[in-house]
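Heads up, model_3.txt below (compact mmCIF, C-alpha atoms and all ligand atoms):
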# COMPACT_ATOMS: atom_id res chain seq x y z
CA MET A 1 25.52 -8.02 20.00
CA LYS A 2 22.49 -8.76 17.81
CA ASP A 3 20.58 -11.83 19.05
CA LYS A 4 22.86 -12.38 22.05
CA ILE A 5 21.02 -13.39 25.26
CA ALA A 6 21.57 -11.16 28.30
CA LEU A 7 20.44 -11.81 31.88
CA ILE A 8 20.61 -8.65 33.97
CA THR A 9 19.74 -9.06 37.63
CA GLY A 10 17.94 -6.16 39.30
CA SER A 11 16.94 -4.75 35.91
CA SER A 12 13.49 -3.61 37.05
CA SER A 13 15.04 -0.37 38.32
CA GLY A 14 17.99 2.01 38.30
CA ILE A 15 21.33 0.91 36.83
CA GLY A 16 20.08 -2.53 35.77
CA LEU A 17 17.18 -1.01 33.85
CA GLY A 18 19.58 1.45 32.22
CA ILE A 19 21.84 -1.43 31.16
CA ALA A 20 18.85 -3.40 29.85
CA HIS A 21 17.80 -0.49 27.61
CA ILE A 22 21.31 -0.15 26.17
CA PHE A 23 21.66 -3.90 25.52
CA ALA A 24 18.18 -4.20 23.99
CA GLY A 25 18.99 -1.19 21.81
CA ALA A 26 22.02 -3.16 20.59
CA GLY A 27 19.75 -6.08 19.61
CA CYS A 28 20.14 -8.39 22.63
CA HIS A 29 17.24 -10.48 23.89
CA ILE A 30 16.78 -9.59 27.54
CA ALA A 31 15.97 -11.51 30.70
CA LEU A 32 14.63 -8.76 32.95
CA HIS A 33 14.60 -9.40 36.67
CA GLY A 34 13.75 -7.71 39.95
CA LEU A 35 11.31 -7.42 42.81
CA LEU A 36 8.28 -6.23 40.83
CA PRO A 37 4.75 -7.66 40.86
CA PRO A 38 4.58 -10.10 37.90
CA ALA A 39 2.02 -7.93 36.04
CA GLU A 40 4.41 -4.96 36.14
CA GLY A 41 7.26 -7.22 35.03
CA GLU A 42 5.18 -8.39 32.08
CA ALA A 43 4.33 -4.76 31.19
CA LEU A 44 8.06 -3.96 31.22
CA CYS A 45 8.70 -6.90 28.86
CA GLU A 46 6.01 -5.56 26.50
CA GLU A 47 7.70 -2.17 26.52
CA PHE A 48 11.03 -3.78 25.56
CA ARG A 49 9.46 -5.93 22.82
CA ASP A 50 7.64 -2.90 21.35
CA SER A 51 10.55 -0.46 21.62
CA TYR A 52 13.41 -2.68 20.47
CA GLY A 53 11.87 -5.65 18.62
CA VAL A 54 13.73 -8.08 20.89
CA ARG A 55 12.47 -10.98 22.97
CA ALA A 56 12.08 -10.24 26.68
CA VAL A 57 11.13 -12.31 29.72
CA PHE A 58 10.75 -11.32 33.36
CA SER A 59 11.49 -13.08 36.67
CA ASP A 60 10.97 -11.92 40.25
CA ALA A 61 13.33 -14.55 41.73
CA ASP A 62 14.48 -13.58 45.23
CA LEU A 63 18.27 -13.52 45.03
CA ARG A 64 18.62 -14.39 48.72
CA ASP A 65 17.52 -17.92 47.74
CA ALA A 66 20.16 -20.08 45.98
CA ASP A 67 17.51 -22.48 44.59
CA ALA A 68 15.57 -19.56 43.11
CA ILE A 69 18.76 -18.40 41.38
CA ALA A 70 19.33 -21.85 39.87
CA ALA A 71 15.74 -21.76 38.57
CA LEU A 72 16.24 -18.20 37.23
CA VAL A 73 19.22 -19.29 35.10
CA ARG A 74 17.51 -22.51 33.98
CA ARG A 75 14.26 -20.77 33.00
CA THR A 76 16.12 -17.99 31.18
CA GLY A 77 17.87 -20.68 29.12
CA GLU A 78 14.56 -22.42 28.38
CA ALA A 79 12.79 -19.20 27.40
CA LEU A 80 15.49 -17.34 25.46
CA GLY A 81 18.46 -19.69 24.96
CA ASP A 82 21.78 -20.03 26.77
CA ILE A 83 23.00 -16.85 28.43
CA ASP A 84 25.79 -15.03 26.55
CA VAL A 85 26.02 -11.99 28.81
CA LEU A 86 25.46 -12.12 32.56
CA VAL A 87 25.24 -8.82 34.41
CA ASN A 88 25.19 -9.26 38.19
CA ASN A 89 23.70 -5.94 39.15
CA ALA A 90 21.06 -6.35 41.89
CA GLY A 91 22.04 -4.75 45.15
CA ILE A 92 20.69 -3.33 48.39
CA GLN A 93 22.03 -1.00 51.05
CA HIS A 94 21.70 -0.41 54.79
CA THR A 95 23.73 2.07 56.79
CA ALA A 96 24.65 1.78 60.49
CA PRO A 97 27.88 1.55 62.49
CA ALA A 98 29.17 -2.01 62.86
CA GLN A 99 28.14 -2.36 66.52
CA ALA A 100 24.56 -1.38 65.63
CA PHE A 101 24.36 -3.18 62.27
CA PRO A 102 21.43 -5.64 62.39
CA ALA A 103 22.61 -9.21 61.70
CA ALA A 104 19.62 -9.81 59.41
CA LYS A 105 20.61 -6.80 57.27
CA TRP A 106 24.19 -8.09 57.10
CA ASN A 107 22.94 -11.49 55.89
CA ASP A 108 20.62 -9.97 53.28
CA ILE A 109 23.27 -7.61 51.88
CA ILE A 110 25.90 -10.37 51.62
CA ALA A 111 23.30 -12.66 50.00
CA VAL A 112 22.03 -10.16 47.40
CA ASN A 113 25.19 -8.12 46.70
CA LEU A 114 27.76 -10.96 46.77
CA SER A 115 26.50 -14.55 47.04
CA SER A 116 23.88 -14.12 44.30
CA ALA A 117 26.63 -13.15 41.85
CA PHE A 118 28.51 -16.36 42.71
CA HIS A 119 25.39 -18.49 42.24
CA CYS A 120 24.50 -16.81 38.91
CA ILE A 121 28.07 -17.28 37.65
CA HIS A 122 28.18 -20.88 38.90
CA HIS A 123 25.06 -21.82 36.93
CA THR A 124 25.85 -19.74 33.83
CA LEU A 125 29.50 -20.63 33.21
CA PRO A 126 29.08 -24.23 31.95
CA ALA A 127 27.06 -23.18 28.86
CA MET A 128 29.43 -20.25 28.19
CA GLN A 129 32.41 -22.62 28.44
CA ALA A 130 30.75 -25.13 26.12
CA ARG A 131 30.31 -22.40 23.49
CA GLY A 132 33.68 -20.72 24.08
CA TRP A 133 32.26 -17.22 24.53
CA GLY A 134 30.77 -15.28 27.40
CA ARG A 135 30.79 -11.91 29.10
CA ILE A 136 30.28 -11.56 32.85
CA ILE A 137 29.93 -8.06 34.25
CA ASN A 138 29.62 -7.49 37.97
CA ILE A 139 28.27 -4.15 39.10
CA ALA A 140 30.46 -3.50 42.14
CA SER A 141 31.00 0.05 43.40
CA VAL A 142 33.73 2.43 44.49
CA HIS A 143 33.03 0.58 47.74
CA GLY A 144 34.70 -2.43 46.14
CA LEU A 145 37.91 -0.38 46.14
CA VAL A 146 37.66 1.94 49.16
CA ALA A 147 35.54 2.10 52.31
CA SER A 148 33.11 4.52 53.92
CA VAL A 149 31.77 4.55 57.47
CA ASN A 150 28.45 2.88 58.32
CA LYS A 151 28.52 0.52 55.34
CA ALA A 152 30.16 -2.62 56.78
CA ALA A 153 28.09 -5.16 54.87
CA TYR A 154 27.99 -3.20 51.60
CA VAL A 155 31.75 -2.56 51.57
CA ALA A 156 32.51 -6.17 52.52
CA ALA A 157 30.20 -7.47 49.76
CA LYS A 158 31.58 -5.08 47.13
CA HIS A 159 35.23 -5.88 47.99
CA GLY A 160 34.16 -9.55 47.78
CA ILE A 161 32.67 -9.15 44.32
CA VAL A 162 35.88 -7.51 43.05
CA GLY A 163 37.77 -10.57 44.33
CA LEU A 164 35.24 -12.95 42.77
CA THR A 165 35.64 -11.07 39.47
CA LYS A 166 39.40 -11.66 39.47
CA VAL A 167 39.09 -15.38 40.22
CA VAL A 168 36.45 -16.00 37.52
CA ALA A 169 38.53 -13.99 35.03
CA LEU A 170 41.67 -16.03 35.78
CA GLU A 171 39.85 -19.35 35.59
CA ASN A 172 38.43 -18.53 32.13
CA VAL A 173 41.25 -16.81 30.24
CA GLU A 174 41.41 -19.64 27.71
CA GLN A 175 37.65 -20.10 27.40
CA GLY A 176 36.71 -16.92 25.51
CA ILE A 177 35.00 -15.62 28.63
CA THR A 178 35.81 -12.30 30.28
CA CYS A 179 34.74 -11.19 33.73
CA ASN A 180 35.00 -7.58 34.84
CA ALA A 181 33.66 -5.38 37.61
CA ILE A 182 32.30 -1.87 37.10
CA CYS A 183 32.84 0.38 40.11
CA PRO A 184 30.51 3.39 39.99
CA GLY A 185 30.55 6.38 42.30
CA TRP A 186 27.18 8.09 42.72
CA VAL A 187 24.61 6.99 40.13
CA ASP A 188 21.22 8.64 39.77
CA THR A 189 18.86 5.81 40.93
CA PRO A 190 16.16 5.09 43.56
CA LEU A 191 18.80 3.43 45.82
CA ILE A 192 20.42 6.84 46.28
CA GLY A 193 17.13 8.69 46.84
CA GLN A 194 16.74 7.10 50.27
CA GLN A 195 20.29 8.10 51.26
CA ILE A 196 19.69 11.71 50.14
CA GLN A 197 16.47 11.86 52.17
CA ALA A 198 18.25 10.54 55.29
CA TYR A 199 21.13 13.03 54.75
CA ALA A 200 18.62 15.90 54.37
CA ARG A 201 16.75 14.88 57.57
CA THR A 202 19.83 14.64 59.80
CA ARG A 203 21.33 17.94 58.57
CA GLU A 204 18.09 19.92 58.12
CA LEU A 205 18.77 20.53 54.41
CA ASP A 206 16.31 20.52 51.53
CA TYR A 207 16.55 17.63 49.04
CA GLU A 208 18.63 19.51 46.43
CA GLN A 209 21.09 20.86 49.01
CA ALA A 210 21.43 17.38 50.51
CA ARG A 211 21.91 15.84 47.06
CA LEU A 212 24.83 18.13 46.20
CA ALA A 213 26.37 17.89 49.68
CA LEU A 214 26.17 14.09 49.68
CA ILE A 215 27.73 13.79 46.22
CA THR A 216 30.63 16.17 46.83
CA ASP A 217 31.35 14.79 50.29
CA LYS A 218 33.20 11.94 48.53
CA GLN A 219 33.16 12.62 44.80
CA PRO A 220 35.11 15.62 43.41
CA LEU A 221 33.04 15.78 40.19
CA PRO A 222 29.71 17.20 41.42
CA GLU A 223 27.41 15.13 39.20
CA MET A 224 25.93 11.69 39.42
CA THR A 225 26.61 9.20 36.63
CA GLN A 226 23.52 8.27 34.61
CA PRO A 227 22.46 4.58 34.45
CA ALA A 228 22.72 4.71 30.62
CA SER A 229 26.43 5.54 30.94
CA ILE A 230 26.97 2.38 32.99
CA GLY A 231 25.07 0.56 30.23
CA GLN A 232 27.40 1.94 27.56
CA LEU A 233 30.46 0.88 29.56
CA ALA A 234 28.99 -2.61 30.01
CA LEU A 235 28.29 -2.79 26.27
CA PHE A 236 31.89 -1.81 25.53
CA LEU A 237 33.05 -4.70 27.75
CA CYS A 238 31.14 -7.03 25.40
CA SER A 239 32.78 -5.60 22.26
CA ALA A 240 35.67 -7.10 20.31
CA ALA A 241 37.82 -4.14 21.40
CA ALA A 242 37.49 -5.31 25.02
CA GLN A 243 38.48 -8.92 24.28
CA THR A 244 41.62 -8.68 26.46
CA MET A 245 40.00 -6.68 29.23
CA THR A 246 39.35 -9.20 31.98
CA GLY A 247 39.75 -9.31 35.74
CA ALA A 248 39.52 -5.52 35.88
CA ALA A 249 37.69 -3.35 38.40
CA ILE A 250 36.83 -0.22 36.42
CA PRO A 251 35.90 2.98 38.26
CA ILE A 252 33.33 5.36 36.75
CA ASP A 253 33.31 7.64 39.75
CA GLY A 254 33.98 11.36 39.15
CA ALA A 255 37.52 10.89 40.55
CA TRP A 256 36.27 9.50 43.91
CA THR A 257 38.99 6.82 44.01
CA ALA A 258 41.66 9.08 42.44
CA GLN A 259 42.23 10.79 45.80
P1 LIG B 1 17.94 0.08 42.67
O1 LIG B 1 17.42 0.06 44.06
O2 LIG B 1 17.43 1.11 41.72
O3 LIG B 1 17.72 -1.36 42.00
C1 LIG B 1 18.04 -2.54 42.69
C2 LIG B 1 17.51 -3.73 41.93
O4 LIG B 1 17.82 -4.93 42.68
C3 LIG B 1 15.99 -3.71 41.75
O5 LIG B 1 15.65 -4.25 40.50
C4 LIG B 1 15.50 -4.63 42.87
O6 LIG B 1 14.24 -5.21 42.61
C5 LIG B 1 16.61 -5.67 42.87
N1 LIG B 1 16.66 -6.41 44.14
C6 LIG B 1 16.86 -5.92 45.38
N2 LIG B 1 16.78 -6.91 46.29
C7 LIG B 1 16.53 -8.05 45.61
C8 LIG B 1 16.32 -9.41 45.98
N3 LIG B 1 16.36 -9.83 47.26
N4 LIG B 1 16.07 -10.31 45.01
C9 LIG B 1 16.00 -9.93 43.73
N5 LIG B 1 16.20 -8.66 43.30
C10 LIG B 1 16.46 -7.73 44.24
O7 LIG B 1 19.54 0.15 42.82
P2 LIG B 1 20.69 0.74 41.85
O8 LIG B 1 21.16 2.02 42.42
O9 LIG B 1 20.29 0.66 40.44
O10 LIG B 1 21.85 -0.31 42.15
C11 LIG B 1 22.18 -1.36 41.27
C12 LIG B 1 23.56 -1.88 41.60
O11 LIG B 1 24.52 -0.82 41.43
C13 LIG B 1 23.71 -2.37 43.04
O12 LIG B 1 24.53 -3.52 43.07
C14 LIG B 1 24.40 -1.20 43.72
O13 LIG B 1 25.15 -1.60 44.84
C15 LIG B 1 25.30 -0.70 42.60
N6 LIG B 1 25.76 0.67 42.75
C16 LIG B 1 24.86 1.70 42.81
C17 LIG B 1 25.34 2.98 42.94
C18 LIG B 1 24.43 4.19 42.99
O14 LIG B 1 24.93 5.29 43.26
N7 LIG B 1 23.15 4.04 42.70
C19 LIG B 1 26.73 3.22 43.03
C20 LIG B 1 27.58 2.15 42.96
C21 LIG B 1 27.10 0.88 42.82
As C-alpha cells:
Amino acid sequence: MKDKIALITGSSSGIGLGIAHIFAGAGCHIALHGLLPPAEGEALCEEFRDSYGVRAVFSDADLRDADAIAALVRRTGEALGDIDVLVNNAGIQHTAPAQAFPAAKWNDIIAVNLSSAFHCIHHTLPAMQARGWGRIINIASVHGLVASVNKAAYVAAKHGIVGLTKVVALENVEQGITCNAICPGWVDTPLIGQQIQAYARTRELDYEQARLALITDKQPLPEMTQPASIGQLALFLCSAAAQTMTGAAIPIDGAWTAQ
C-alpha cells in the first residue's frame, strides 16, 4: 500500500479516523475529511505527517452538496494524485418512528449516508479505470442487512449502499477495481455516545449500564468493535489476497446478523 492515495470521507472522527490511522501506518498518503474547523483539520494533517511520514490534506466539504463532492475529489487529485482507495465512511443518524421522522432529517441522512457515496464513486471511478486498479470500500452497517425500529432513513440508506456496492462491483469486474461494503455492529465512536445517552435517559440507567444494555439488546457478543479493527479489515480488502473479494457485504458485528 506504500504511496497509494486514499480518500476517506468522515475521517475526522470515529471509524473513519481509525481507518485513516491504519492506512497511513501502511504508507498511504491520506485525504482526511470531515466537519472540522479548517485549523483543526490542518492540525490533524500535521499529526499524520509527523507520525507516519506520509502526505496528508484535509477538506471540510459538506457531503450533502454534490458540487462540493466533485470539488473534493478534484482537489484531492490535484493535491495528492489520483485516488487509489476510496472509503465512503461519513454517516449520520437520527432516530424516530416513521410517522414522526422529520423530512429534513430523512433528506440529510439519505444525502450523507447514501448519495454522497454515489457521487464520490462517480467522480473517482474514471481515473481508477484508466489505471486498471482501484479499491472502493463502503462503510455500511448491520442496518444494510437487517432493520431496527426508529431508523427508517438510516436503514434505507444502508440497504441502498449495499445495493450500490453490488452494482459498482459488477460493473468493474474486468477493470481491476473491487467494491465491497463493511457492515459493522456496534463500534466505539462518538456517533454511538449520543444513542447511549438517550437510552440511559429514557430508562433511568447510568451510562455504563445503558452502554451494556444497548449493545446486548441486538448484539450477542457484549463488546463494541474498535475503529482500528474496521481499519484492518478495510486494509485487508486492499491486499492481493482480497483480489477476488468484490460485491460483498461483510459483517463485523458480534453475531448480530447471525440470529
Ligand atoms: P462519527 O460521528 O464518529 O463520524 C462521522 C463522520 O462523518 C465525521 O467525520 C463527520 O464530520 C462526518 N460527517 C457527518 N456529516 C457530514 C456532512 N454533512 N458532510 C461531511 N462530513 C460529514 O461516526 P462513526 O460512528 O465513526 O460512523 C462512521 C460510519 O460508520 C457511518 O457511515 C456510520 O453509519 C457507520 N457505522 C457506525 C457504527 C457505530 O456503531 N459507530 C456501526 C455501523 C456503521
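In this structure, atom CA of A:Ser141 sits 19.0 Å away from atom CA of A:Ser12.
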Checklist line | Nearby polymer residues, ligand LIG 1 (chain B), at most 8 Å, all atoms listed in the file, as a ChimeraX atom specification | finding: /A:9-17,33-36,60-64,88-93,108,111-113,139-143,154,158,183-192,224-225,227
Next item on the list: Would you please work out which residue, of A:Ile19, A:His94, A:Cys238, A:Ala152, is nearest to A:Gln195 when using only C-alpha atoms?
Entry: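 Distance minimum relative to A:Gln195 lands on A:His94.
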Next item on the list: Could you check which of A:Val73, A:Val155, A:Ala242, A:Val87 is closest to A:Trp106, using all atoms listed in the file?
Entry: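 Smallest distance to A:Trp106 is found for A:Val155.
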Note to self: Counting only C-alpha atoms, which residue out of A:Ile250, A:Ala56, A:Ala66, A:Leu221 sits closest to A:Ala31?
What the structure shows: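 Closest residue, counting only C-alpha atoms: A:Ala56.
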Notebook entry, point to check: Between A:Leu214, A:Ala20, A:Ala98, A:Val162, which one has atoms that come closest to A:Thr202, using only C-alpha atoms?
Noted result: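 Selected residue with least distance to A:Thr202: A:Leu214.
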Margin query: Could you list, as a PyMOL selection string, every residue within 12 Å of stretch 21-25 of chain A, counting only C-alpha atoms and ignoring same-chain residues fewer than 4 positions away?
Written below: chain A and resi 1-8+11-17+29-32+44-45+47-56+84-87+227-239
Note to self: At a cut-off of 10 Å, using all atoms listed in the file, what residues contact A:Ala127? Leave out same-chain residues fewer than 5 positions from it and give the result as an MDAnalysis selection string.
What the structure shows: chainID A and resid 77 82:84 132:134
Margin query: Taking only C-alpha atoms into account, name the residue in A:Val57, A:Ala249, A:Ala103, A:Ala198 that is nearest to A:Ile161.
Written below: A:Ala249
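In this structure, atom CA of A:Gly27 sits 21.1 Å away from atom CA of A:Gln226.
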Next item on the list: Have a look at atom CA of A:Leu212 and atom CA of A:Ala153 and let me know their distance in Å, one decimal.
Entry: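 The value is 25.1 Å.
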Note to self: Using only C-alpha atoms, which protein or nucleic acid residues come within 9 Å of A:Leu170? Drop anything in the same chain fewer than 4 positions from it, and give the result as a PyMOL selection string.
What the structure shows: chain A and resi 165-166+174+178-179+246-247
Item checked: Residue neighbourhood A:Pro38, 9 Å, all atoms listed in the file, exclusion window fewer than 4 positions, as number ranges by chain -> A: 42-43, 58-60
Next item on the list: Could you tell me which of A:Asn150, A:Asn107, A:Asn172, A:Gln243 comes closest to A:Pro126 if we count only C-alpha atoms?
Entry: A:Asn172
My structure is short of atoms at stretch 168-179 of chain A; please model all heavy atoms there, returning them as a PDB file, in the frame of the given file.
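The new file selection37.pdb reads:
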ATOM      1  N   VAL A 168      37.196 -15.488  38.694  1.00  0.00           N
ATOM      2  CA  VAL A 168      36.450 -16.000  37.520  1.00  0.00           C
ATOM      3  C   VAL A 168      37.186 -15.607  36.232  1.00  0.00           C
ATOM      4  O   VAL A 168      37.266 -16.402  35.288  1.00  0.00           O
ATOM      5  CB  VAL A 168      35.000 -15.487  37.543  1.00  0.00           C
ATOM      6  CG1 VAL A 168      34.255 -15.858  36.263  1.00  0.00           C
ATOM      7  CG2 VAL A 168      34.261 -16.061  38.770  1.00  0.00           C
ATOM      8  N   ALA A 169      37.761 -14.410  36.212  1.00  0.00           N
ATOM      9  CA  ALA A 169      38.530 -13.990  35.030  1.00  0.00           C
ATOM     10  C   ALA A 169      39.717 -14.937  34.828  1.00  0.00           C
ATOM     11  O   ALA A 169      39.926 -15.462  33.724  1.00  0.00           O
ATOM     12  CB  ALA A 169      39.010 -12.555  35.211  1.00  0.00           C
ATOM     13  N   LEU A 170      40.479 -15.174  35.884  1.00  0.00           N
ATOM     14  CA  LEU A 170      41.670 -16.030  35.780  1.00  0.00           C
ATOM     15  C   LEU A 170      41.318 -17.445  35.347  1.00  0.00           C
ATOM     16  O   LEU A 170      42.018 -18.056  34.531  1.00  0.00           O
ATOM     17  CB  LEU A 170      42.398 -16.087  37.139  1.00  0.00           C
ATOM     18  CG  LEU A 170      43.194 -14.843  37.528  1.00  0.00           C
ATOM     19  CD1 LEU A 170      43.652 -14.948  38.979  1.00  0.00           C
ATOM     20  CD2 LEU A 170      44.386 -14.669  36.597  1.00  0.00           C
ATOM     21  N   GLU A 171      40.220 -17.960  35.891  1.00  0.00           N
ATOM     22  CA  GLU A 171      39.850 -19.350  35.590  1.00  0.00           C
ATOM     23  C   GLU A 171      39.359 -19.533  34.160  1.00  0.00           C
ATOM     24  O   GLU A 171      39.257 -20.666  33.683  1.00  0.00           O
ATOM     25  CB  GLU A 171      38.752 -19.819  36.568  1.00  0.00           C
ATOM     26  CG  GLU A 171      39.290 -20.038  37.976  1.00  0.00           C
ATOM     27  CD  GLU A 171      38.220 -20.427  38.997  1.00  0.00           C
ATOM     28  OE1 GLU A 171      37.021 -20.482  38.629  1.00  0.00           O
ATOM     29  OE2 GLU A 171      38.592 -20.661  40.157  1.00  0.00           O
ATOM     30  N   ASN A 172      39.066 -18.420  33.462  1.00  0.00           N
ATOM     31  CA  ASN A 172      38.430 -18.530  32.130  1.00  0.00           C
ATOM     32  C   ASN A 172      39.197 -17.815  31.033  1.00  0.00           C
ATOM     33  O   ASN A 172      38.636 -17.542  29.980  1.00  0.00           O
ATOM     34  CB  ASN A 172      36.995 -18.017  32.210  1.00  0.00           C
ATOM     35  CG  ASN A 172      36.112 -18.979  32.981  1.00  0.00           C
ATOM     36  OD1 ASN A 172      35.662 -19.987  32.447  1.00  0.00           O
ATOM     37  ND2 ASN A 172      35.904 -18.697  34.261  1.00  0.00           N
ATOM     38  N   VAL A 173      40.486 -17.563  31.259  1.00  0.00           N
ATOM     39  CA  VAL A 173      41.250 -16.810  30.240  1.00  0.00           C
ATOM     40  C   VAL A 173      41.365 -17.569  28.926  1.00  0.00           C
ATOM     41  O   VAL A 173      41.552 -16.961  27.873  1.00  0.00           O
ATOM     42  CB  VAL A 173      42.665 -16.406  30.735  1.00  0.00           C
ATOM     43  CG1 VAL A 173      42.602 -15.247  31.689  1.00  0.00           C
ATOM     44  CG2 VAL A 173      43.391 -17.586  31.325  1.00  0.00           C
ATOM     45  N   GLU A 174      41.277 -18.883  28.963  1.00  0.00           N
ATOM     46  CA  GLU A 174      41.410 -19.640  27.710  1.00  0.00           C
ATOM     47  C   GLU A 174      40.066 -20.137  27.185  1.00  0.00           C
ATOM     48  O   GLU A 174      39.999 -20.985  26.299  1.00  0.00           O
ATOM     49  CB  GLU A 174      42.371 -20.827  27.923  1.00  0.00           C
ATOM     50  CG  GLU A 174      43.795 -20.336  28.148  1.00  0.00           C
ATOM     51  CD  GLU A 174      44.782 -21.446  28.410  1.00  0.00           C
ATOM     52  OE1 GLU A 174      44.379 -22.624  28.365  1.00  0.00           O
ATOM     53  OE2 GLU A 174      45.954 -21.124  28.673  1.00  0.00           O
ATOM     54  N   GLN A 175      38.993 -19.603  27.762  1.00  0.00           N
ATOM     55  CA  GLN A 175      37.650 -20.100  27.400  1.00  0.00           C
ATOM     56  C   GLN A 175      36.840 -19.094  26.589  1.00  0.00           C
ATOM     57  O   GLN A 175      35.650 -19.303  26.358  1.00  0.00           O
ATOM     58  CB  GLN A 175      36.861 -20.411  28.681  1.00  0.00           C
ATOM     59  CG  GLN A 175      37.650 -21.136  29.738  1.00  0.00           C
ATOM     60  CD  GLN A 175      37.436 -22.635  29.686  1.00  0.00           C
ATOM     61  OE1 GLN A 175      36.671 -23.124  28.874  1.00  0.00           O
ATOM     62  NE2 GLN A 175      38.122 -23.369  30.529  1.00  0.00           N
ATOM     63  N   GLY A 176      37.458 -17.953  26.247  1.00  0.00           N
ATOM     64  CA  GLY A 176      36.710 -16.920  25.510  1.00  0.00           C
ATOM     65  C   GLY A 176      35.722 -16.172  26.386  1.00  0.00           C
ATOM     66  O   GLY A 176      34.797 -15.531  25.887  1.00  0.00           O
ATOM     67  N   ILE A 177      35.938 -16.261  27.692  1.00  0.00           N
ATOM     68  CA  ILE A 177      35.000 -15.620  28.630  1.00  0.00           C
ATOM     69  C   ILE A 177      35.755 -14.540  29.415  1.00  0.00           C
ATOM     70  O   ILE A 177      36.829 -14.828  29.973  1.00  0.00           O
ATOM     71  CB  ILE A 177      34.421 -16.668  29.615  1.00  0.00           C
ATOM     72  CG1 ILE A 177      33.652 -17.739  28.849  1.00  0.00           C
ATOM     73  CG2 ILE A 177      33.542 -15.993  30.677  1.00  0.00           C
ATOM     74  CD1 ILE A 177      33.350 -18.987  29.667  1.00  0.00           C
ATOM     75  N   THR A 178      35.216 -13.331  29.436  1.00  0.00           N
ATOM     76  CA  THR A 178      35.810 -12.300  30.280  1.00  0.00           C
ATOM     77  C   THR A 178      34.889 -12.003  31.459  1.00  0.00           C
ATOM     78  O   THR A 178      33.679 -12.207  31.383  1.00  0.00           O
ATOM     79  CB  THR A 178      36.088 -10.985  29.510  1.00  0.00           C
ATOM     80  OG1 THR A 178      34.839 -10.387  29.141  1.00  0.00           O
ATOM     81  CG2 THR A 178      36.938 -11.227  28.271  1.00  0.00           C
ATOM     82  N   CYS A 179      35.504 -11.560  32.532  1.00  0.00           N
ATOM     83  CA  CYS A 179      34.740 -11.190  33.730  1.00  0.00           C
ATOM     84  C   CYS A 179      35.343  -9.906  34.291  1.00  0.00           C
ATOM     85  O   CYS A 179      36.545  -9.869  34.592  1.00  0.00           O
ATOM     86  CB  CYS A 179      34.807 -12.325  34.762  1.00  0.00           C
ATOM     87  SG  CYS A 179      33.868 -11.983  36.270  1.00  0.00           S
TER      88      CYS A 179
END
